[in-house]
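Report on the following structure.
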Amino acid sequence: MALLVFVSTLSFTIESHYCGDVLVDSSVFGSVESCGMEVQQKPSSKECDLINKKNCCSDEQLVVDGQDNLKISFDKLDKEQQLLVATFIYSYINLFTEQQTENTSFRDYSPPPLVRDVQVLDQTFLI
């Protein structure tokens with residue numbers, strides 16, 4: 001149950017860097033590495049227009065948001081749901097308690113008399 005709650009509330013971002021149509025790098029918990037096609041220095045205005053037209057790199061982010069509304073009030077449940085929750089909790093707690101019942105049905109009865117020892121006569125012994 002704890003793992004299910006943890007996975008349903010987990011939020012993360014997947015970042016991807018594409019150079020053209022080719023996936024260069026993807027990352028879940030960090031930043032992506034670029035392919036090196038970005039210009040490091042400032043070019044002139046003519047070069048800027050040419051570079052902007054030919055820019056083939058793109059970055060994408062996929063954001064997965066987890067569930068935020070987990071607090072359920074016990075008062076908002078109807079009577080059948082409250083009964084179900086109470087029964088579940090009671091039976092779950094009783095799974096871990098050791099039941100101490102003694103089987104005393106044989107206490108009032110004596111064993112039958114031994115007329116002959118069948119294992120010795122037939123020579124069948126458990127090893």
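As shown in the structure tokens, the chain order sets the letters A, B, ...; within each chain, residues go from 1, and ligands are also counted from 1 in the order they appear.
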
Open item on the list: Please identify the helix (DSSP H, G or I) residues within chain A (assignment by DSSP from backbone atoms) and present them as JSON, numbers by chain.
Closed with: {"A": [2, 3, 4, 5, 6, 7, 8, 9, 45, 46, 47, 48, 49, 50, 51, 52, 53, 74, 75, 76, 79, 80, 81, 82, 83, 84, 85, 86, 87, 88, 89, 90, 91, 92, 93, 94, 118, 119, 120, 121, 122]}

TODO: Considering only C-alpha atoms, return as a PyMOL selection string whatever protein or nucleic-acid residues lie within 12 Å of Thr13 in chain A, sequence-local ones (same chain, fewer than 6 positions apart) excluded.
DONE: chain A and resi 26-32+60-66

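Separating CA of Asp59 in chain A from CA of Gly36 in chain A is a distance of 13.2 Å.
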
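What separates CA of Ser16 in chain A from CA of Cys35 in chain A is a distance of 11.4 Å.
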
- [ ] Can you list, as a ChimeraX atom specification, all residues belonging to chain A that DSSP tags as strand (DSSP E)?
- [x] /A:12-19,22-27,57-64

Could you write those residues out with N, CA, C and O atoms, as a short mmCIF file (atom, residue, chain, number, x, y, z; two decimals), in the first residue's frame?
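Produced file selection-v8.cif, reproduced below:
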```
data_model
loop_
_atom_site.label_atom_id
_atom_site.label_comp_id
_atom_site.auth_asym_id
_atom_site.auth_seq_id
_atom_site.Cartn_x
_atom_site.Cartn_y
_atom_site.Cartn_z
N PHE A 12 7.68 14.08 -11.59
CA PHE A 12 9.00 14.17 -12.18
C PHE A 12 8.91 14.80 -13.57
O PHE A 12 7.82 14.93 -14.13
N THR A 13 10.05 15.20 -14.11
CA THR A 13 10.14 15.83 -15.42
C THR A 13 11.13 15.06 -16.26
O THR A 13 12.24 14.75 -15.81
N ILE A 14 10.76 14.77 -17.49
CA ILE A 14 11.64 14.10 -18.44
C ILE A 14 12.04 15.13 -19.49
O ILE A 14 11.18 15.68 -20.17
N GLU A 15 13.33 15.41 -19.58
CA GLU A 15 13.83 16.37 -20.55
C GLU A 15 14.50 15.62 -21.68
O GLU A 15 15.21 14.65 -21.47
N SER A 16 14.28 16.08 -22.92
CA SER A 16 14.87 15.46 -24.10
C SER A 16 15.47 16.54 -24.99
O SER A 16 14.90 17.62 -25.13
N HIS A 17 16.61 16.24 -25.60
CA HIS A 17 17.25 17.17 -26.55
C HIS A 17 17.30 16.48 -27.91
O HIS A 17 17.85 15.39 -28.04
N TYR A 18 16.72 17.11 -28.90
CA TYR A 18 16.69 16.59 -30.26
C TYR A 18 17.56 17.46 -31.15
O TYR A 18 17.52 18.69 -31.07
N CYS A 19 18.32 16.83 -32.00
CA CYS A 19 19.06 17.53 -33.03
C CYS A 19 18.45 17.07 -34.35
O CYS A 19 18.72 15.96 -34.82
N VAL A 22 16.64 13.41 -34.50
CA VAL A 22 17.40 12.40 -33.77
C VAL A 22 17.47 12.80 -32.29
O VAL A 22 17.83 13.92 -31.96
N LEU A 23 17.12 11.85 -31.42
CA LEU A 23 17.21 12.07 -29.98
C LEU A 23 18.68 11.98 -29.58
O LEU A 23 19.33 10.95 -29.74
N VAL A 24 19.20 13.09 -29.04
CA VAL A 24 20.60 13.12 -28.64
C VAL A 24 20.75 12.72 -27.19
O VAL A 24 21.60 11.91 -26.84
N ASP A 25 19.91 13.25 -26.30
CA ASP A 25 20.04 12.96 -24.88
C ASP A 25 18.68 13.11 -24.22
O ASP A 25 17.86 13.93 -24.63
N SER A 26 18.44 12.30 -23.20
CA SER A 26 17.24 12.43 -22.39
C SER A 26 17.64 12.23 -20.93
O SER A 26 18.57 11.50 -20.62
N SER A 27 16.92 12.91 -20.05
CA SER A 27 17.25 12.86 -18.64
C SER A 27 15.98 12.95 -17.82
O SER A 27 15.03 13.63 -18.19
N CYS A 57 18.17 22.27 -33.53
CA CYS A 57 18.07 21.69 -32.19
C CYS A 57 16.79 22.12 -31.49
O CYS A 57 16.32 23.24 -31.68
N SER A 58 16.24 21.21 -30.70
CA SER A 58 15.05 21.54 -29.92
C SER A 58 15.09 20.76 -28.61
O SER A 58 15.62 19.65 -28.54
N ASP A 59 14.55 21.37 -27.58
CA ASP A 59 14.46 20.75 -26.26
C ASP A 59 12.99 20.54 -25.94
O ASP A 59 12.16 21.40 -26.19
N GLU A 60 12.67 19.39 -25.39
CA GLU A 60 11.30 19.08 -24.99
C GLU A 60 11.29 18.68 -23.52
O GLU A 60 12.24 18.06 -23.04
N GLN A 61 10.22 19.02 -22.83
CA GLN A 61 10.04 18.64 -21.44
C GLN A 61 8.68 17.97 -21.28
O GLN A 61 7.68 18.50 -21.74
N LEU A 62 8.68 16.82 -20.65
CA LEU A 62 7.44 16.11 -20.32
C LEU A 62 7.32 16.12 -18.80
O LEU A 62 8.14 15.53 -18.10
N VAL A 63 6.31 16.82 -18.29
CA VAL A 63 6.12 16.96 -16.85
C VAL A 63 5.01 16.00 -16.42
O VAL A 63 3.89 16.06 -16.94
N VAL A 64 5.33 15.11 -15.50
CA VAL A 64 4.36 14.18 -14.95
C VAL A 64 4.05 14.62 -13.53
O VAL A 64 4.91 14.58 -12.65
#
```

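For the pair CA of Leu114 in chain A and CA of Leu126 in chain A, the interatomic distance is 19.1 Å.
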